[in-house]
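*Asks:* Dropping in input17.cif, with mmCIF, C-alpha atoms.
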```
data_coords
loop_
_atom_site.label_atom_id
_atom_site.label_comp_id
_atom_site.auth_asym_id
_atom_site.auth_seq_id
_atom_site.Cartn_x
_atom_site.Cartn_y
_atom_site.Cartn_z
CA MET A 556 122.81 102.11 85.38
CA ILE A 557 120.02 99.81 84.17
CA ASP A 558 118.72 99.34 87.73
CA LYS A 559 118.73 103.10 88.30
CA LEU A 560 116.83 103.68 85.05
CA LYS A 561 114.36 100.95 86.01
CA LYS A 562 113.78 102.62 89.41
CA HIS A 563 113.03 105.97 87.77
CA LEU A 564 110.79 104.50 85.07
CA LEU A 565 108.76 102.05 87.16
CA TYR A 566 109.05 103.06 90.82
CA GLY A 567 109.27 106.86 90.92
CA GLY A 568 113.00 106.84 91.65
CA ILE A 569 112.75 104.83 94.90
CA ASP A 570 113.32 101.15 95.74
CA LYS A 571 110.62 98.67 94.75
CA LYS A 572 110.15 97.65 98.40
CA GLU A 573 109.47 101.24 99.39
CA PHE A 574 107.27 101.70 96.31
CA ASP A 575 105.12 98.70 97.35
CA GLN A 576 105.05 99.99 100.93
CA VAL A 577 103.38 103.27 99.94
CA ARG A 578 101.23 101.91 97.11
CA LYS A 579 98.00 102.18 99.13
CA PRO A 580 98.39 105.77 100.44
CA ILE A 581 99.63 106.87 96.98
CA SER A 582 96.56 105.29 95.39
CA GLU A 583 94.28 107.10 97.85
CA ALA A 584 96.04 110.41 97.16
CA ASN A 585 95.73 109.88 93.39
CA HIS A 586 92.04 109.01 93.73
CA LYS A 587 91.44 112.29 95.52
CA ALA A 588 93.58 114.21 93.01
CA LEU A 589 91.71 112.66 90.08
CA ARG A 590 88.36 113.67 91.55
CA TYR A 591 89.32 117.29 92.20
CA TRP A 592 91.35 117.76 89.00
CA SER A 593 88.59 116.34 86.81
CA LEU A 594 86.13 118.73 88.46
CA LEU A 595 88.51 121.69 88.14
CA VAL A 596 89.37 120.98 84.50
CA SER A 597 85.66 120.49 83.72
CA CYS A 598 85.04 124.02 84.99
CA PHE A 599 87.89 125.26 82.78
CA TRP A 600 86.43 123.60 79.66
CA ILE A 601 83.00 125.04 80.47
CA TYR A 602 84.55 128.50 80.67
CA CYS A 603 86.31 127.97 77.32
CA LEU A 604 83.11 126.68 75.75
CA VAL A 605 81.16 129.73 76.93
CA MET A 606 83.92 131.99 75.58
CA SER A 607 83.65 130.28 72.19
CA PHE A 608 80.15 131.73 71.78
CA PHE A 609 81.34 135.31 72.38
CA ALA A 610 84.86 135.45 70.90
CA ASP A 611 85.59 134.53 67.31
CA ASP A 612 89.11 133.31 68.19
CA TYR A 613 87.63 130.48 70.26
CA LYS A 614 85.01 129.20 67.79
CA MET A 615 87.40 126.92 65.94
CA CYS A 616 88.31 125.20 69.21
CA ARG A 617 84.73 124.38 70.22
CA PRO A 618 84.88 120.66 69.23
CA ALA A 619 88.00 120.18 71.38
CA TYR A 620 86.26 121.89 74.32
CA ILE A 621 83.17 119.72 74.05
CA ILE A 622 85.04 116.41 73.76
CA SER A 623 87.41 117.28 76.62
CA LEU A 624 84.55 118.48 78.84
CA ALA A 625 82.57 115.28 78.25
CA SER A 626 85.65 113.19 79.09
CA CYS A 627 86.32 115.08 82.33
CA VAL A 628 82.67 114.87 83.46
CA LEU A 629 82.61 111.14 82.75
CA ILE A 630 85.86 110.61 84.69
CA TYR A 631 84.56 112.67 87.63
CA LEU A 632 81.39 110.54 87.78
CA CYS A 633 83.51 107.39 87.69
CA THR A 634 85.57 108.61 90.67
CA ARG A 635 82.35 109.10 92.63
CA PHE A 636 80.39 105.97 91.72
CA ILE A 637 82.64 103.39 90.02
CA MET A 638 85.96 103.60 91.86
CA PRO A 639 84.54 102.94 95.37
CA ARG A 640 83.48 99.51 94.07
CA PHE A 641 86.34 98.95 91.62
CA PRO A 642 89.46 100.72 93.00
CA ASN A 643 91.71 99.13 90.37
CA ALA A 644 89.96 101.29 87.76
CA LEU A 645 92.16 104.16 88.99
CA VAL A 646 94.98 103.19 86.59
CA LEU A 647 92.72 103.38 83.53
CA LEU A 648 90.95 106.56 84.67
CA LYS A 649 94.25 108.34 85.33
CA TYR A 650 95.41 107.45 81.84
CA LEU A 651 92.14 108.61 80.24
CA PHE A 652 92.15 111.88 82.20
CA ARG A 653 95.71 112.75 81.25
CA LEU A 654 95.04 111.80 77.66
CA SER A 655 91.90 113.97 77.63
CA LEU A 656 93.86 116.90 79.06
CA ILE A 657 96.74 116.57 76.60
CA GLY A 658 94.34 115.72 73.78
CA GLY A 659 92.28 118.82 74.52
CA GLY A 660 95.41 120.95 74.30
CA ILE A 661 96.41 119.27 71.07
CA GLY A 662 92.90 119.72 69.72
CA ILE A 663 93.14 123.44 70.37
CA ALA A 664 96.55 123.55 68.74
CA VAL A 665 95.22 121.78 65.65
CA CYS A 666 92.15 124.02 65.40
CA GLN A 667 93.96 127.27 66.17
CA TRP A 668 97.59 127.12 65.14
CA ASN A 669 98.53 130.60 66.47
CA VAL A 670 98.21 129.45 70.15
CA ARG A 671 99.83 126.07 69.53
CA SER A 672 103.14 126.78 71.24
CA LEU A 673 101.57 127.99 74.50
CA THR A 674 99.01 125.15 74.53
CA LEU A 675 101.53 122.41 73.87
CA PHE A 676 103.89 123.81 76.47
CA ALA A 677 101.16 123.96 79.11
CA VAL A 678 99.75 120.46 78.65
CA ALA A 679 103.17 118.82 78.25
CA ILE A 680 104.55 120.38 81.44
CA ILE A 681 101.45 120.16 83.65
CA SER A 682 100.35 116.61 82.83
CA PRO A 683 103.16 114.64 84.57
CA SER A 684 102.75 116.73 87.73
CA ILE A 685 99.06 116.07 88.40
CA PHE A 686 99.45 112.63 89.99
CA ILE A 687 102.07 110.92 92.11
CA ASP A 688 103.05 108.47 89.43
CA SER A 689 105.87 106.54 87.84
CA THR A 690 107.65 108.01 84.81
CA ILE A 691 106.49 105.14 82.59
CA SER A 692 102.85 106.20 83.11
CA SER A 693 103.62 109.74 81.96
CA LEU A 694 105.62 108.39 79.02
CA ILE A 695 102.69 106.22 77.88
CA ALA A 696 100.27 109.17 78.14
CA HIS A 697 102.59 111.45 76.15
CA CYS A 698 103.22 108.84 73.44
CA SER A 699 99.46 108.29 73.13
CA ALA A 700 98.95 112.06 72.87
CA LEU A 701 101.62 112.29 70.19
CA VAL A 702 99.82 109.62 68.16
CA LEU A 703 96.62 111.64 68.67
CA TYR A 704 98.38 114.78 67.42
CA ILE A 705 99.59 112.98 64.32
CA LEU A 706 96.13 111.57 63.56
CA LEU A 707 94.40 114.93 64.08
CA GLY A 708 96.96 117.18 62.43
CA ALA A 709 98.50 115.21 59.57
CA ASN A 710 95.78 116.15 57.08
CA THR A 711 94.59 119.43 58.58
CA ILE A 712 97.76 121.44 59.24
CA HIS A 713 100.30 122.69 56.75
CA PRO A 714 103.31 120.31 56.77
CA ASP A 715 105.79 122.97 57.93
CA ILE A 716 103.55 123.97 60.84
CA PHE A 717 102.64 120.32 61.56
CA TYR A 718 106.27 119.19 61.96
CA TRP A 719 107.18 122.34 63.85
CA GLY A 720 104.35 121.66 66.32
CA MET A 721 105.25 117.97 66.65
CA ASN A 722 108.90 118.75 67.36
CA ASN A 723 107.85 121.33 69.94
CA TYR A 724 105.52 118.87 71.61
CA ILE A 725 108.24 116.22 71.84
CA LEU A 726 110.65 118.79 73.29
CA PHE A 727 108.12 120.03 75.85
CA SER A 728 107.19 116.43 76.72
CA VAL A 729 110.81 115.65 77.55
CA PHE A 730 110.95 118.69 79.83
CA GLY A 731 107.63 117.67 81.39
CA LEU A 732 108.82 114.12 82.01
CA LEU A 733 112.05 115.33 83.63
CA ILE A 734 110.21 117.80 85.85
CA GLY A 735 107.51 115.23 86.68
CA ASN A 736 110.11 112.59 87.54
CA SER A 737 111.87 114.95 89.93
CA LEU A 738 108.62 116.04 91.60
CA ASN A 739 107.28 112.52 91.88
CA LYS A 740 110.51 111.19 93.38
CA GLN A 741 110.23 113.82 96.12
CA ARG A 742 106.56 113.04 96.68
CA TYR A 743 107.22 109.30 96.84
CA GLU A 744 110.02 109.90 99.36
CA ARG A 745 107.71 112.07 101.48
CA ASN A 746 105.12 109.30 101.51
CA VAL A 747 107.76 106.71 102.42
CA TYR A 748 108.92 108.94 105.26
CA ALA A 749 105.31 109.47 106.38
CA GLU A 750 104.75 105.70 106.34
CA TYR A 751 107.85 105.13 108.48
CA GLU A 752 106.62 107.84 110.88
CA LYS A 753 103.22 106.14 111.04
CA LYS A 754 104.75 102.74 111.78
CA LEU A 755 107.03 104.28 114.40
CA ALA A 756 104.04 105.92 116.09
CA GLU A 757 102.16 102.60 116.03
CA ALA A 758 105.17 100.80 117.50
CA GLN A 759 105.51 103.42 120.23
CA LYS A 760 101.81 103.14 121.00
CA ARG A 761 102.11 99.38 121.12
CA TYR A 762 105.08 99.44 123.47
CA ALA A 763 103.18 101.90 125.67
CA ASN A 764 100.23 99.50 126.00
CA TYR A 765 101.72 96.03 125.56
CA ASP A 766 104.01 93.88 127.63
CA ARG A 767 107.12 93.10 125.58
CA MET A 768 107.74 89.65 127.01
CA THR A 769 104.25 88.15 126.72
CA GLY A 770 102.69 90.29 123.98
CA LEU A 771 99.64 90.85 126.19
CA LYS A 772 98.38 94.28 127.15
CA ASN A 773 100.18 95.80 130.12
CA ARG A 774 99.15 97.51 133.35
CA HIS A 775 98.97 100.90 131.65
CA ALA A 776 96.33 99.58 129.23
CA TYR A 777 94.63 97.77 132.13
CA GLU A 778 94.22 100.99 134.10
CA ASP A 779 92.83 102.75 131.02
CA MET A 780 90.29 99.94 130.66
CA LEU A 781 89.30 100.24 134.30
CA LEU A 782 88.62 103.92 133.80
CA GLN A 783 86.45 103.17 130.76
CA ILE A 784 84.44 100.57 132.68
CA ARG A 785 83.91 102.93 135.61
CA ASN A 786 82.72 105.69 133.30
CA ASN A 787 80.64 103.48 131.01
CA PRO A 788 80.11 100.01 132.48
CA PRO A 789 78.69 97.28 130.18
CA ALA A 790 75.34 95.69 131.01
CA GLU A 791 77.18 92.62 132.33
CA PHE A 792 80.86 91.83 132.39
CA CYS A 793 83.17 89.35 134.07
CA ILE A 794 86.62 89.61 135.58
CA VAL A 795 89.00 86.65 135.51
CA MET A 796 92.11 86.99 137.66
CA ALA A 797 94.91 84.51 136.95
CA ASP A 798 98.21 83.81 138.71
CA ILE A 799 101.05 81.40 137.88
CA ASN A 800 101.67 78.87 140.62
CA GLY A 801 105.28 78.35 141.69
CA LEU A 802 106.95 81.08 139.63
CA LYS A 803 109.18 82.24 142.50
CA VAL A 804 110.27 78.69 143.28
CA THR A 805 111.05 78.14 139.59
CA ASN A 806 113.13 81.32 139.45
CA ASP A 807 115.02 80.39 142.63
CA THR A 808 115.68 76.73 141.81
CA ILE A 809 115.93 76.50 138.01
CA GLY A 810 116.65 80.06 136.99
CA HIS A 811 115.01 83.14 135.54
CA ASP A 812 115.06 81.72 132.02
CA ALA A 813 112.73 79.01 133.25
CA GLY A 814 110.59 81.63 134.97
CA ASP A 815 110.39 83.64 131.77
CA GLU A 816 109.33 80.51 129.93
CA LEU A 817 106.52 80.01 132.44
CA LEU A 818 105.33 83.59 131.91
CA ILE A 819 105.35 83.18 128.14
CA GLY A 820 103.65 79.78 128.39
CA ALA A 821 100.91 81.15 130.64
CA SER A 822 100.31 84.08 128.27
CA GLU A 823 100.08 81.69 125.31
CA CYS A 824 97.52 79.58 127.13
CA LEU A 825 95.49 82.66 128.07
CA SER A 826 95.55 84.03 124.51
CA SER A 827 94.47 80.68 123.06
CA ALA A 828 91.80 80.00 125.69
CA PHE A 829 90.28 83.49 125.45
CA GLU A 830 90.56 83.61 121.66
CA GLY A 831 88.84 86.63 120.15
CA ILE A 832 89.12 88.64 123.37
CA ASP A 833 91.82 91.31 123.27
CA THR A 834 91.36 92.56 126.83
CA ILE A 835 93.90 90.21 128.43
CA TYR A 836 96.42 91.97 130.66
CA ARG A 837 99.61 91.19 132.49
CA ILE A 838 99.16 93.41 135.53
CA GLY A 839 102.03 92.19 137.71
CA GLY A 840 105.01 89.86 137.77
CA ASP A 841 103.04 86.60 137.48
CA GLU A 842 99.51 87.99 137.62
CA PHE A 843 97.06 88.38 134.74
CA CYS A 844 93.57 89.75 134.32
CA VAL A 845 90.91 89.17 131.66
CA ILE A 846 88.02 91.60 131.31
CA MET A 847 85.18 90.36 129.12
CA GLU A 848 81.57 91.18 128.44
CA GLY A 849 78.98 88.46 129.04
CA SER A 850 77.78 86.12 131.73
CA ALA A 851 79.70 84.08 134.29
CA GLU A 852 78.62 80.89 132.50
CA LYS A 853 80.32 82.10 129.34
CA ALA A 854 83.48 82.99 131.26
CA GLU A 855 83.54 79.54 132.90
CA HIS A 856 83.80 77.89 129.49
CA TYR A 857 86.88 79.98 128.75
CA ILE A 858 88.42 79.04 132.11
CA GLU A 859 87.81 75.33 131.43
CA ARG A 860 89.57 75.77 128.11
CA LEU A 861 92.45 77.54 129.90
CA GLU A 862 92.83 74.67 132.38
CA GLU A 863 92.88 72.16 129.53
CA LEU A 864 95.54 74.08 127.58
CA ALA A 865 97.67 74.66 130.69
CA SER A 866 97.63 70.93 131.52
CA LYS A 867 98.98 70.13 128.04
CA TRP A 868 101.55 72.90 127.78
CA ARG A 869 105.21 71.90 127.85
CA GLY A 870 108.26 74.14 127.64
CA HIS A 871 111.89 73.56 126.74
CA ILE A 872 113.09 74.09 130.30
CA VAL A 873 110.00 73.42 132.44
CA ASN A 874 107.58 70.55 131.93
CA GLY A 875 104.31 72.33 132.64
CA VAL A 876 102.51 75.40 133.91
CA SER A 877 99.88 75.71 136.62
CA ILE A 878 97.52 78.69 136.73
CA SER A 879 95.14 79.62 139.52
CA THR A 880 92.07 81.60 138.51
CA GLY A 881 89.27 83.58 140.13
CA LEU A 882 86.04 84.61 138.42
CA ALA A 883 83.55 87.32 139.36
CA SER A 884 80.56 88.77 137.52
CA SER A 885 79.23 92.30 137.75
CA LYS A 886 75.70 90.90 138.01
CA ASN A 887 75.60 90.94 141.80
CA HIS A 888 77.74 94.03 142.37
CA ASP A 889 77.00 97.73 142.54
CA ASP A 890 80.48 98.98 141.72
CA VAL A 891 83.44 97.90 139.63
CA LYS A 892 85.90 97.75 142.52
CA SER A 893 83.93 95.04 144.33
CA VAL A 894 83.90 92.87 141.18
CA PHE A 895 87.68 92.98 141.01
CA ALA A 896 87.95 92.32 144.75
CA GLU A 897 85.79 89.18 144.47
CA ALA A 898 87.75 87.86 141.47
CA ASP A 899 91.03 88.51 143.32
CA GLN A 900 89.77 86.78 146.46
CA LYS A 901 88.63 83.70 144.51
CA MET A 902 91.97 83.54 142.74
CA TYR A 903 93.81 83.50 146.08
CA GLU A 904 91.48 80.78 147.37
CA SER A 905 92.26 78.73 144.26
CA LYS A 906 95.96 79.31 144.82
CA ARG A 907 95.69 78.24 148.47
CA ASP A 908 93.85 75.06 147.44
CA HIS A 909 96.59 74.31 144.91
CA TYR A 910 99.37 74.47 147.53
CA THR A 911 97.28 72.55 150.06
CA LYS A 912 96.88 69.69 147.61
CA LEU A 913 100.64 69.68 147.13
CA GLY A 914 101.08 69.36 150.89
CA ASN A 915 102.59 72.83 151.13
CA ASP A 916 100.39 74.88 153.45
CA ARG A 917 101.75 78.23 152.31
CA ARG A 918 100.26 81.41 153.70
CA ILE A 919 99.08 83.80 151.02
CA TYR A 920 99.35 87.46 151.93
CA ARG A 921 96.93 89.84 150.30
CA ARG A 922 98.34 92.89 148.58
CA TYR A 923 95.69 95.15 150.04
#
```
For the file at hand, write its structure as structure tokens.
*Replies:*
Amino acid sequence: MIDKLKKHLLYGGIDKKEFDQVRKPISEANHKALRYWSLLVSCFWIYCLVMSFFADDYKMCRPAYIISLASCVLIYLCTRFIMPRFPNALVLLKYLFRLSLIGGGIGIAVCQWNVRSLTLFAVAIISPSIFIDSTISSLIAHCSALVLYILLGANTIHPDIFYWGMNNYILFSVFGLLIGNSLNKQRYERNVYAEYEKKLAEAQKRYANYDRMTGLKNRHAYEDMLLQIRNNPPAEFCIVMADINGLKVTNDTIGHDAGDELLIGASECLSSAFEGIDTIYRIGGDEFCVIMEGSAEKAEHYIERLEELASKWRGHIVNGVSISTGLASSKNHDDVKSVFAEADQKMYESKRDHYTKLGNDRRIYRRY
């Protein structure tokens, strides 16, 4: 029971974890609501102020109109110029706006007792529904407004009318809090659902463009990148093709778990060597490609780093990983395809040299 009450008071009726999850989008929504509501209510107070000069029934309420209008204009200016620099000011500004709205209604009720019931009902019911907020925030605003009512009305309103108005305000506040709690719970739940939908969409997008085993971008993302380069090629870019040496032998002799470890190890070495570059792709079983802007000299430094990391890498099943690489720059090429062809050719030459040094003169068949 206590936990349930705590959820409704502090977290809008949802779990704290979910409340924290949607804190940022809720804050952004409340910032927007505060800006528009302060502008809208300012227009309302201006209308009331103008009416006070033409209708005798409104003259007594003029001080309440002026104070409330000034508060709303100040809050609107703060949402435009202060909150972008100090976003945490939202909590204080929300409180001041709600207090100005309720206080304006109470001010009217104090100045003009014959419209008190309607005014109190309106401000007490509307106030908790303006923002997506916890019940405790509404409770604090209403308690502050009640204190304001007592201070303004204790010496200006006949005791019978004063206590009648106070009791009505408390009653309407309870209704407002109950209605606001119900509405806010639904709005919090909608935001939680929207956040889950957003994360699901991001996960789906990631799985569509990333290789699950290595965490690198996959062939689908690679082909999208190729299309971008063909349509809008950088001034100078380099292609690094990389291939794991001996993956098939490892799979056949030690097992596919060892082969998977080699793939993961190679991807870790590539990610660390080409740190800061997110265009690293696994484009085949044991084949990788890095696309990067810059000169061949710059790319060579990355390759040297890759060779160093690969020589030090050790797995739980296999003792090391060997990676053959081929580098090509767009500087001496007229089209993108020829850059990739040169990088691929150099990678195969590097792979041939690797097997020759091992005394295994293995023929390398080109894929195209």
*Asks:* Once the PyMOL selection byres ((chain A and resi 775) around 9) has been applied to the shown file, what residues remain in the selection, as a PDB file with C-alpha atoms, in the frame of the given file?
*Replies:*
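Output saved as selection08.pdb:
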```
ATOM      1  CA  ALA A 763     103.180 101.900 125.670  1.00  0.00           C
ATOM      2  CA  ASN A 764     100.230  99.500 126.000  1.00  0.00           C
ATOM      3  CA  TYR A 765     101.720  96.030 125.560  1.00  0.00           C
ATOM      4  CA  LYS A 772      98.380  94.280 127.150  1.00  0.00           C
ATOM      5  CA  ASN A 773     100.180  95.800 130.120  1.00  0.00           C
ATOM      6  CA  ARG A 774      99.150  97.510 133.350  1.00  0.00           C
ATOM      7  CA  ALA A 776      96.330  99.580 129.230  1.00  0.00           C
ATOM      8  CA  TYR A 777      94.630  97.770 132.130  1.00  0.00           C
ATOM      9  CA  GLU A 778      94.220 100.990 134.100  1.00  0.00           C
ATOM     10  CA  ASP A 779      92.830 102.750 131.020  1.00  0.00           C
ATOM     11  CA  MET A 780      90.290  99.940 130.660  1.00  0.00           C
ATOM     12  CA  ILE A 838      99.160  93.410 135.530  1.00  0.00           C
TER      13      ILE A 838
END
```
*Asks:* From the set A:His888, A:Phe652, A:Leu706, A:Ser689, which residue has the shortest atom-to-atom contact distance to A:Arg578, counting all atoms listed in the file?
*Replies:*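 Smallest separation from A:Arg578 among the options: A:Ser689.
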*Asks:* The PyMOL selection byres ((chain A and resi 801) around 12) - which residues does that actually catch in the file I just gave you? List them as a VMD selection string.
*Replies:* chain A and resid 798 to 800 802 to 809 813 to 814 817 to 818 841 to 842 873 875 to 879 906 to 907 909 to 910 913 915 917
*Asks:* For the structure shown, which residues end up in the PyMOL selection byres ((chain A and resi 616) around 8)? Put them as a list in words, please?
*Replies:*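 Written out, the selection comes to Ser607, Tyr613, Lys614, Met615, Arg617, Pro618, Ala619, Tyr620, Gly662, Ile663, Cys666 and Gln667 of chain A.
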*Asks:* Please return the centre and edge lengths, in Å to one decimal, of a box with edges along x, y and z that contains all listed atoms of stretch 825-836 of chain A, widened by 3 Å on every side, as AutoDock Vina command-line options.
*Replies:*
```
--center_x 92.6 --center_y 86.3 --center_z 125.4 --size_x 13.6 --size_y 18.6 --size_z 16.5
```
*Asks:* Work out how far atom CA of A:Ala898 is from atom CA of A:Leu882, in Å to one decimal.
*Replies:*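 Distance reported for this atom pair: 4.8 Å.
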*Asks:* Figure out the distance between atom CA of A:Leu781 and atom CA of A:Glu852, please, to one decimal in Å.
*Replies:*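 Pair atom CA of A:Glu852 / atom CA of A:Leu781 returns 22.2 Å.
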